[in-house]
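Following: one structure in structure tokens, then a few remarks.
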Amino acid sequence: MIENLEKEALAEVMLAADLAALEVVRVKYVGRGDGLINSLTRVIKEQPADKRAEFGARVNQAKLNVEAAITAKAATFGKVEQAKTLAASAVDVTLPGREPARGSLHPLTLVTDEIIDVFARMGFGVETGPEVESDFYNFEALNFPDDHPARDMQDTFFAADPADGKPARVAHPNNPDKWVPALLRTHTSPVQIRTMLRKKKPPVRIIVPGAVYRNDSDQTHSPMFHQVEGLMVEDGISFADLKGVLAEFARAMFGAKAGIRLRPSFFPFVEPGAEVDVSCFLCTEQSRSGCRVCKGSGWLEILGAGMVHPEVFRHCGFDPERTQGFAFGLGVERVAMLRYRVPDIRLFFENDLRFLRQFA
């Protein structure tokens, strides 16, 4: 009987197709309690006295033989599974490598870097400043009157005190006893003031790239956008120098045949002031007959500029009778929209990879 059970068990071990089937065989024959071979140990005492030792030895040997066969079979299954795993994860060194996906600079960063490079070649350094500004640097020192619309919360984001939610205030730099509102800067011009206050005297030749904030949002306006401000203060600076710098910038950004025109305009911090247009590079260069982009005029507005107002110099400690300079400011998004023919400014901020990959 013992030999027959052992043969049956070994036969089923050989036929087991997987570890689950092998476990069924183990429980059936050598499992504790009800295993067919294992249960024979209970009847050893029923055997004749002179046969008990031999019977017990045969039962134990059969049990050991079946357990050894099960262990060997399980090891075989393990090797098969390991081989499958290795095959699935194996690296074929003869295959060409997979190049990882590479990112790219944002189109606004590309345009900003190009603008900086153009002015750097003309001798302008780069300055930066805080985006949370005081009313003094953002408005007062730039000759904005107290009743100017930009000082209204409908046009400017004023900071709130986290403790009580009331408008946040900071100390006036020239009068510690006076407190002025804190706000998100509406232009990069405050850095002009900070730079002139730090340098204390000419020459100053800087550009200021950075983010600015205004309470405005539609197809062509964003509550957060980017500017590049420029300032040159040196002896003998004139409006002709301003025009020459901007003409060189237009040719560098929009082509050697690009021209500019200046139209009188008002800005509190310059006098005289001008809106600056560049000839439409999408129109036929010979005729400049106009197109949909320039609305038939043949010109595209890109920035504002002018000679620094004497009041601005006074706030910075410069003598307006002896000091002259010019300033200009352009919107990076505006230049990028014209350069890449982007119809909606919001595309720059939606992080749609289908859009951004076009500039990679």
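Residues are referred to by chain and number: the chain letter is A, B, ... according to the order shown in the structure tokens, the number counts from 1 in that chain, and ligands are numbered separately from 1 in the order shown.
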Inset, instruction - Looking only at alpha helix (DSSP H) from DSSP on the backbone, list the matching residues of stretch 28-250 of chain A as JSON, numbers by chain. - result: {"A": [28, 29, 30, 52, 53, 54, 55, 56, 57, 58, 59, 60, 61, 62, 63, 64, 65, 66, 67, 68, 69, 70, 71, 72, 73, 74, 75, 76, 77, 78, 79, 80, 81, 82, 83, 84, 85, 86, 87, 88, 89, 107, 108, 109, 110, 111, 112, 113, 114, 115, 116, 117, 118, 119, 120, 135, 136, 137, 138, 190, 191, 192, 193, 194, 195, 196, 197, 198, 199, 239, 240, 241, 242, 243, 244, 245, 246, 247, 248, 249, 250]}
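Residues within 10 Å of stretch 22-32 of chain A, counting only C-alpha atoms and excluding same-chain residues fewer than 4 positions away, are Leu5, Glu6, Glu8, Ala9, Leu10, Ala11, Glu12, Val13, Met14, Leu15, Ala16, Ala17, Asp18, Leu36, Ile37, Asn38, Ser39, Ala62, Lys63, Leu64, Val66, Glu67, Ala69, Ile70, Thr71, Lys73, Ala74 and Phe77 of chain A.
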For the residues selected in the previous step, produce a file with N, CA and C atoms as a compact mmCIF listing (two decimals), in the first residue's frame.
# COMPACT_ATOMS: atom_id res chain seq x y z
N LEU A 5 0.90 4.26 -2.97
CA LEU A 5 0.63 5.68 -2.71
C LEU A 5 1.81 6.56 -3.14
N GLU A 6 3.03 6.04 -2.89
CA GLU A 6 4.21 6.83 -3.27
C GLU A 6 4.28 6.98 -4.79
N GLU A 8 1.76 6.83 -6.94
CA GLU A 8 0.69 7.75 -7.38
C GLU A 8 1.07 9.20 -7.13
N ALA A 9 1.65 9.44 -5.93
CA ALA A 9 2.04 10.81 -5.58
C ALA A 9 3.11 11.33 -6.52
N LEU A 10 4.14 10.49 -6.78
CA LEU A 10 5.22 10.94 -7.67
C LEU A 10 4.71 11.17 -9.10
N ALA A 11 3.75 10.32 -9.52
CA ALA A 11 3.18 10.49 -10.86
C ALA A 11 2.42 11.83 -10.95
N GLU A 12 1.64 12.17 -9.94
CA GLU A 12 0.88 13.43 -9.95
C GLU A 12 1.80 14.64 -9.85
N VAL A 13 2.92 14.46 -9.10
CA VAL A 13 3.91 15.56 -9.05
C VAL A 13 4.45 15.82 -10.44
N MET A 14 4.77 14.78 -11.18
CA MET A 14 5.30 14.95 -12.53
C MET A 14 4.28 15.60 -13.47
N LEU A 15 3.00 15.32 -13.25
CA LEU A 15 1.95 15.86 -14.13
C LEU A 15 1.49 17.26 -13.75
N ALA A 16 1.88 17.73 -12.57
CA ALA A 16 1.45 19.07 -12.13
C ALA A 16 1.93 20.13 -13.11
N ALA A 17 1.00 20.99 -13.55
CA ALA A 17 1.31 21.97 -14.61
C ALA A 17 1.82 23.29 -14.05
N ASP A 18 1.55 23.56 -12.78
CA ASP A 18 2.00 24.83 -12.21
C ASP A 18 2.08 24.69 -10.70
N LEU A 36 -2.62 11.55 2.55
CA LEU A 36 -2.75 10.10 2.48
C LEU A 36 -1.53 9.37 3.02
N ILE A 37 -0.34 9.83 2.69
CA ILE A 37 0.88 9.18 3.20
C ILE A 37 1.10 9.59 4.65
N ASN A 38 0.89 10.86 4.93
CA ASN A 38 1.13 11.36 6.29
C ASN A 38 0.21 10.68 7.30
N SER A 39 -1.03 10.34 6.88
CA SER A 39 -1.99 9.73 7.82
C SER A 39 -1.64 8.28 8.19
N ALA A 62 8.75 7.22 2.27
CA ALA A 62 7.83 7.60 1.19
C ALA A 62 7.48 9.09 1.28
N LYS A 63 7.26 9.54 2.51
CA LYS A 63 6.94 10.95 2.71
C LYS A 63 8.09 11.83 2.26
N LEU A 64 9.33 11.44 2.63
CA LEU A 64 10.51 12.22 2.24
C LEU A 64 10.69 12.23 0.72
N VAL A 66 8.37 11.94 -1.62
CA VAL A 66 7.35 12.79 -2.25
C VAL A 66 7.66 14.26 -2.02
N GLU A 67 8.05 14.60 -0.80
CA GLU A 67 8.38 16.00 -0.49
C GLU A 67 9.58 16.48 -1.32
N ALA A 69 10.45 15.32 -4.26
CA ALA A 69 9.99 15.48 -5.65
C ALA A 69 9.22 16.80 -5.83
N ILE A 70 8.39 17.12 -4.83
CA ILE A 70 7.62 18.36 -4.89
C ILE A 70 8.56 19.58 -4.87
N THR A 71 9.58 19.52 -4.00
CA THR A 71 10.55 20.64 -3.91
C THR A 71 11.29 20.82 -5.23
N LYS A 73 10.29 19.90 -8.22
CA LYS A 73 9.36 20.40 -9.24
C LYS A 73 9.10 21.88 -9.06
N ALA A 74 8.93 22.31 -7.81
CA ALA A 74 8.70 23.73 -7.52
C ALA A 74 9.89 24.57 -7.97
N PHE A 77 9.65 25.11 -11.65
CA PHE A 77 8.70 26.19 -11.97
C PHE A 77 9.32 27.57 -11.70
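Considering only C-alpha atoms, the residue among A:Lys257, A:Asn138, A:Glu333, A:Phe328 positioned nearest to A:Pro190 is A:Asn138.
Among A:Val270, A:Gly317, A:Ala258, A:Leu108, the residue with the shortest atom-to-atom distance to A:Asn174, counting only C-alpha atoms, is A:Gly317.
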Inset, instruction - Provide the atom CA of A:Ala160 to atom CA of A:Gly329 distance in Å, to one decimal place. - result: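 For atom CA of A:Ala160 relative to atom CA of A:Gly329, the distance reads 28.0 Å.
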Inset, instruction - Considering only C-alpha atoms, return as a ChimeraX atom specification whatever protein or nucleic-acid residues lie within 9 Å of A:Leu110, sequence-local ones (same chain, fewer than 4 positions apart) excluded. - result: /A:105-106,114-115,336,359
Legend entry - Within 10 Å of A:Ala327 using only C-alpha atoms, minus same-chain residues under 3 positions, as a list in words: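 Listed by chain and then number, they are Ser189, Gln192, Arg205, Ile206, Ile207, Glu229, Gly230, Leu231, Met232, Val233, Leu242, Phe269, Val270, Gly273, Gly304, Ala305, Gly306, Met307, Val308 and His309 of chain A.
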Output file for the residues above (C-alpha atoms, as a PDB file, in the first residue's frame):
ATOM      1  CA  SER A 189       9.572 101.026 -14.367  1.00  0.00           C
ATOM      2  CA  GLN A 192      14.431 102.444 -12.972  1.00  0.00           C
ATOM      3  CA  ARG A 205      22.173 102.183 -19.195  1.00  0.00           C
ATOM      4  CA  ILE A 206      19.880  99.276 -18.278  1.00  0.00           C
ATOM      5  CA  ILE A 207      17.049  97.075 -19.452  1.00  0.00           C
ATOM      6  CA  GLU A 229      11.906  98.311 -19.747  1.00  0.00           C
ATOM      7  CA  GLY A 230      14.856 100.346 -20.947  1.00  0.00           C
ATOM      8  CA  LEU A 231      16.614 103.376 -19.442  1.00  0.00           C
ATOM      9  CA  MET A 232      19.601 105.395 -20.611  1.00  0.00           C
ATOM     10  CA  VAL A 233      20.810 108.395 -18.605  1.00  0.00           C
ATOM     11  CA  LEU A 242      16.215 107.231 -28.388  1.00  0.00           C
ATOM     12  CA  PHE A 269       7.079 109.548 -16.354  1.00  0.00           C
ATOM     13  CA  VAL A 270       8.330 110.905 -19.703  1.00  0.00           C
ATOM     14  CA  GLY A 273       6.376 110.815 -24.856  1.00  0.00           C
ATOM     15  CA  GLY A 304       5.999 103.387 -25.618  1.00  0.00           C
ATOM     16  CA  ALA A 305       8.954 105.685 -25.022  1.00  0.00           C
ATOM     17  CA  GLY A 306      10.095 109.212 -24.236  1.00  0.00           C
ATOM     18  CA  MET A 307      12.557 111.436 -22.437  1.00  0.00           C
ATOM     19  CA  VAL A 308      12.648 110.930 -18.669  1.00  0.00           C
ATOM     20  CA  HIS A 309      10.456 113.474 -16.879  1.00  0.00           C
TER      21      HIS A 309
END
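Distances to A:Ala211 were evaluated for A:Leu197, A:Val126, A:Val132, A:Ile345 using only C-alpha atoms, and the minimum falls at A:Val132.
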Legend entry - Nearest candidate to A:Thr195 (options A:Ile302, A:Ala141, A:Val91, A:Cys316; using only C-alpha atoms): A:Cys316
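Computed from the coordinates, the atom CA of A:Gly129 to atom CA of A:Pro272 distance equals 26.0 Å.
Here atom CA of A:Ser238 and atom CA of A:Lys201 stand 17.6 Å from one another.
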Report as an mmCIF file with N, CA and C atoms, in the first residue's frame: the residues of stretch 156-251 of chain A with a DSSP assignment of strand (DSSP E), based on the backbone of this structure.
data_model
loop_
_atom_site.group_PDB
_atom_site.id
_atom_site.type_symbol
_atom_site.label_atom_id
_atom_site.label_comp_id
_atom_site.auth_asym_id
_atom_site.auth_seq_id
_atom_site.Cartn_x
_atom_site.Cartn_y
_atom_site.Cartn_z
ATOM 1 N N ARG A 169 0.415 97.806 3.886
ATOM 2 C CA ARG A 169 1.164 99.056 3.715
ATOM 3 C C ARG A 169 2.619 98.823 4.105
ATOM 4 N N VAL A 170 3.501 99.588 3.445
ATOM 5 C CA VAL A 170 4.933 99.523 3.721
ATOM 6 C C VAL A 170 5.447 100.929 3.964
ATOM 7 N N ALA A 171 6.581 101.021 4.631
ATOM 8 C CA ALA A 171 7.137 102.330 4.958
ATOM 9 C C ALA A 171 7.606 103.059 3.707
ATOM 10 N N HIS A 172 7.373 104.368 3.680
ATOM 11 C CA HIS A 172 7.851 105.223 2.595
ATOM 12 C C HIS A 172 9.373 105.323 2.701
ATOM 13 N N ASN A 175 10.432 108.731 3.991
ATOM 14 C CA ASN A 175 9.750 109.229 5.193
ATOM 15 C C ASN A 175 9.275 108.028 6.015
ATOM 16 N N PRO A 176 10.079 107.557 6.957
ATOM 17 C CA PRO A 176 9.726 106.357 7.732
ATOM 18 C C PRO A 176 8.404 106.474 8.489
ATOM 19 N N ASP A 177 7.941 107.713 8.737
ATOM 20 C CA ASP A 177 6.682 107.892 9.450
ATOM 21 C C ASP A 177 5.471 107.787 8.530
ATOM 22 N N LYS A 178 5.728 107.700 7.220
ATOM 23 C CA LYS A 178 4.637 107.619 6.252
ATOM 24 C C LYS A 178 4.554 106.201 5.707
ATOM 25 N N TRP A 179 3.325 105.700 5.628
ATOM 26 C CA TRP A 179 3.112 104.353 5.110
ATOM 27 C C TRP A 179 2.315 104.419 3.816
ATOM 28 N N VAL A 180 2.739 103.634 2.830
ATOM 29 C CA VAL A 180 2.087 103.654 1.513
ATOM 30 C C VAL A 180 1.630 102.244 1.156
ATOM 31 N N PRO A 181 0.644 102.113 0.265
ATOM 32 C CA PRO A 181 0.125 100.788 -0.093
ATOM 33 C C PRO A 181 1.179 99.905 -0.766
ATOM 34 N N ALA A 182 1.026 98.606 -0.556
ATOM 35 C CA ALA A 182 1.838 97.604 -1.263
ATOM 36 C C ALA A 182 0.998 97.023 -2.390
ATOM 37 N N LEU A 183 1.610 96.728 -3.501
ATOM 38 C CA LEU A 183 0.862 96.285 -4.679
ATOM 39 C C LEU A 183 1.728 95.422 -5.579
ATOM 40 N N LEU A 184 1.074 94.737 -6.522
ATOM 41 C CA LEU A 184 1.806 94.033 -7.566
ATOM 42 C C LEU A 184 2.164 95.054 -8.636
ATOM 43 N N VAL A 204 23.660 105.705 -16.548
ATOM 44 C CA VAL A 204 22.810 104.543 -16.305
ATOM 45 C C VAL A 204 22.363 104.035 -17.665
ATOM 46 N N ARG A 205 22.600 102.775 -17.919
ATOM 47 C CA ARG A 205 22.173 102.183 -19.195
ATOM 48 C C ARG A 205 21.718 100.757 -18.900
ATOM 49 N N ILE A 206 20.411 100.571 -18.723
ATOM 50 C CA ILE A 206 19.880 99.276 -18.278
ATOM 51 C C ILE A 206 18.630 98.885 -19.052
ATOM 52 N N ILE A 207 18.358 97.594 -19.071
ATOM 53 C CA ILE A 207 17.049 97.075 -19.452
ATOM 54 C C ILE A 207 16.547 96.233 -18.290
ATOM 55 N N VAL A 208 15.218 96.172 -18.156
ATOM 56 C CA VAL A 208 14.604 95.494 -17.009
ATOM 57 C C VAL A 208 13.534 94.522 -17.507
ATOM 58 N N PRO A 209 13.853 93.245 -17.663
ATOM 59 C CA PRO A 209 12.825 92.269 -18.025
ATOM 60 C C PRO A 209 12.111 91.752 -16.778
ATOM 61 N N GLY A 210 10.844 91.392 -16.923
ATOM 62 C CA GLY A 210 10.145 90.821 -15.774
ATOM 63 C C GLY A 210 8.641 90.803 -15.939
ATOM 64 N N ALA A 211 7.991 90.130 -14.987
ATOM 65 C CA ALA A 211 6.527 90.010 -15.000
ATOM 66 C C ALA A 211 5.891 91.233 -14.346
ATOM 67 N N VAL A 212 4.749 91.631 -14.878
ATOM 68 C CA VAL A 212 3.967 92.739 -14.323
ATOM 69 C C VAL A 212 2.506 92.321 -14.272
ATOM 70 N N TYR A 213 1.691 93.091 -13.532
ATOM 71 C CA TYR A 213 0.326 92.665 -13.243
ATOM 72 C C TYR A 213 -0.652 93.831 -13.386
ATOM 73 N N MET A 224 -1.466 88.904 -15.905
ATOM 74 C CA MET A 224 -0.024 88.826 -15.693
ATOM 75 C C MET A 224 0.631 88.749 -17.064
ATOM 76 N N PHE A 225 1.576 89.627 -17.322
ATOM 77 C CA PHE A 225 2.292 89.586 -18.587
ATOM 78 C C PHE A 225 3.725 90.048 -18.342
ATOM 79 N N HIS A 226 4.493 90.213 -19.408
ATOM 80 C CA HIS A 226 5.921 90.491 -19.262
ATOM 81 C C HIS A 226 6.316 91.743 -20.035
ATOM 82 N N GLN A 227 7.212 92.489 -19.454
ATOM 83 C CA GLN A 227 7.724 93.686 -20.090
ATOM 84 C C GLN A 227 9.249 93.657 -20.123
ATOM 85 N N VAL A 228 9.786 94.465 -21.019
ATOM 86 C CA VAL A 228 11.209 94.790 -20.984
ATOM 87 C C VAL A 228 11.300 96.304 -21.006
ATOM 88 N N GLU A 229 11.756 96.855 -19.906
ATOM 89 C CA GLU A 229 11.906 98.311 -19.747
ATOM 90 C C GLU A 229 13.338 98.687 -20.098
ATOM 91 N N GLY A 230 13.513 99.870 -20.640
ATOM 92 C CA GLY A 230 14.856 100.346 -20.947
ATOM 93 C C GLY A 230 15.067 101.752 -20.411
ATOM 94 N N LEU A 231 16.286 102.044 -19.968
ATOM 95 C CA LEU A 231 16.614 103.376 -19.442
ATOM 96 C C LEU A 231 18.060 103.701 -19.794
ATOM 97 N N MET A 232 18.254 104.899 -20.357
ATOM 98 C CA MET A 232 19.601 105.395 -20.611
ATOM 99 C C MET A 232 19.685 106.823 -20.100
ATOM 100 N N VAL A 233 20.584 107.066 -19.165
ATOM 101 C CA VAL A 233 20.810 108.395 -18.605
ATOM 102 C C VAL A 233 22.305 108.685 -18.712
#
Legend entry - Contacts of stretch 214-217 of chain A at 8 Å (only C-alpha atoms; same-chain gap of 5+ positions) as a PyMOL selection string: chain A and resi 154-157+186+222-224
Inset, instruction - Measuring atom to atom with only C-alpha atoms, identify which of A:Ile260, A:Val332, A:Val312, A:Ala250 is nearest to A:Gly298. - result: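 Once distances to A:Gly298 are computed over only C-alpha atoms, the minimum belongs to A:Ile260.
Of the listed residues A:Arg341, A:Lys200, A:His148, A:Arg58, the one whose atoms come nearest to A:Thr323 is A:Lys200, with distances taken using only C-alpha atoms.
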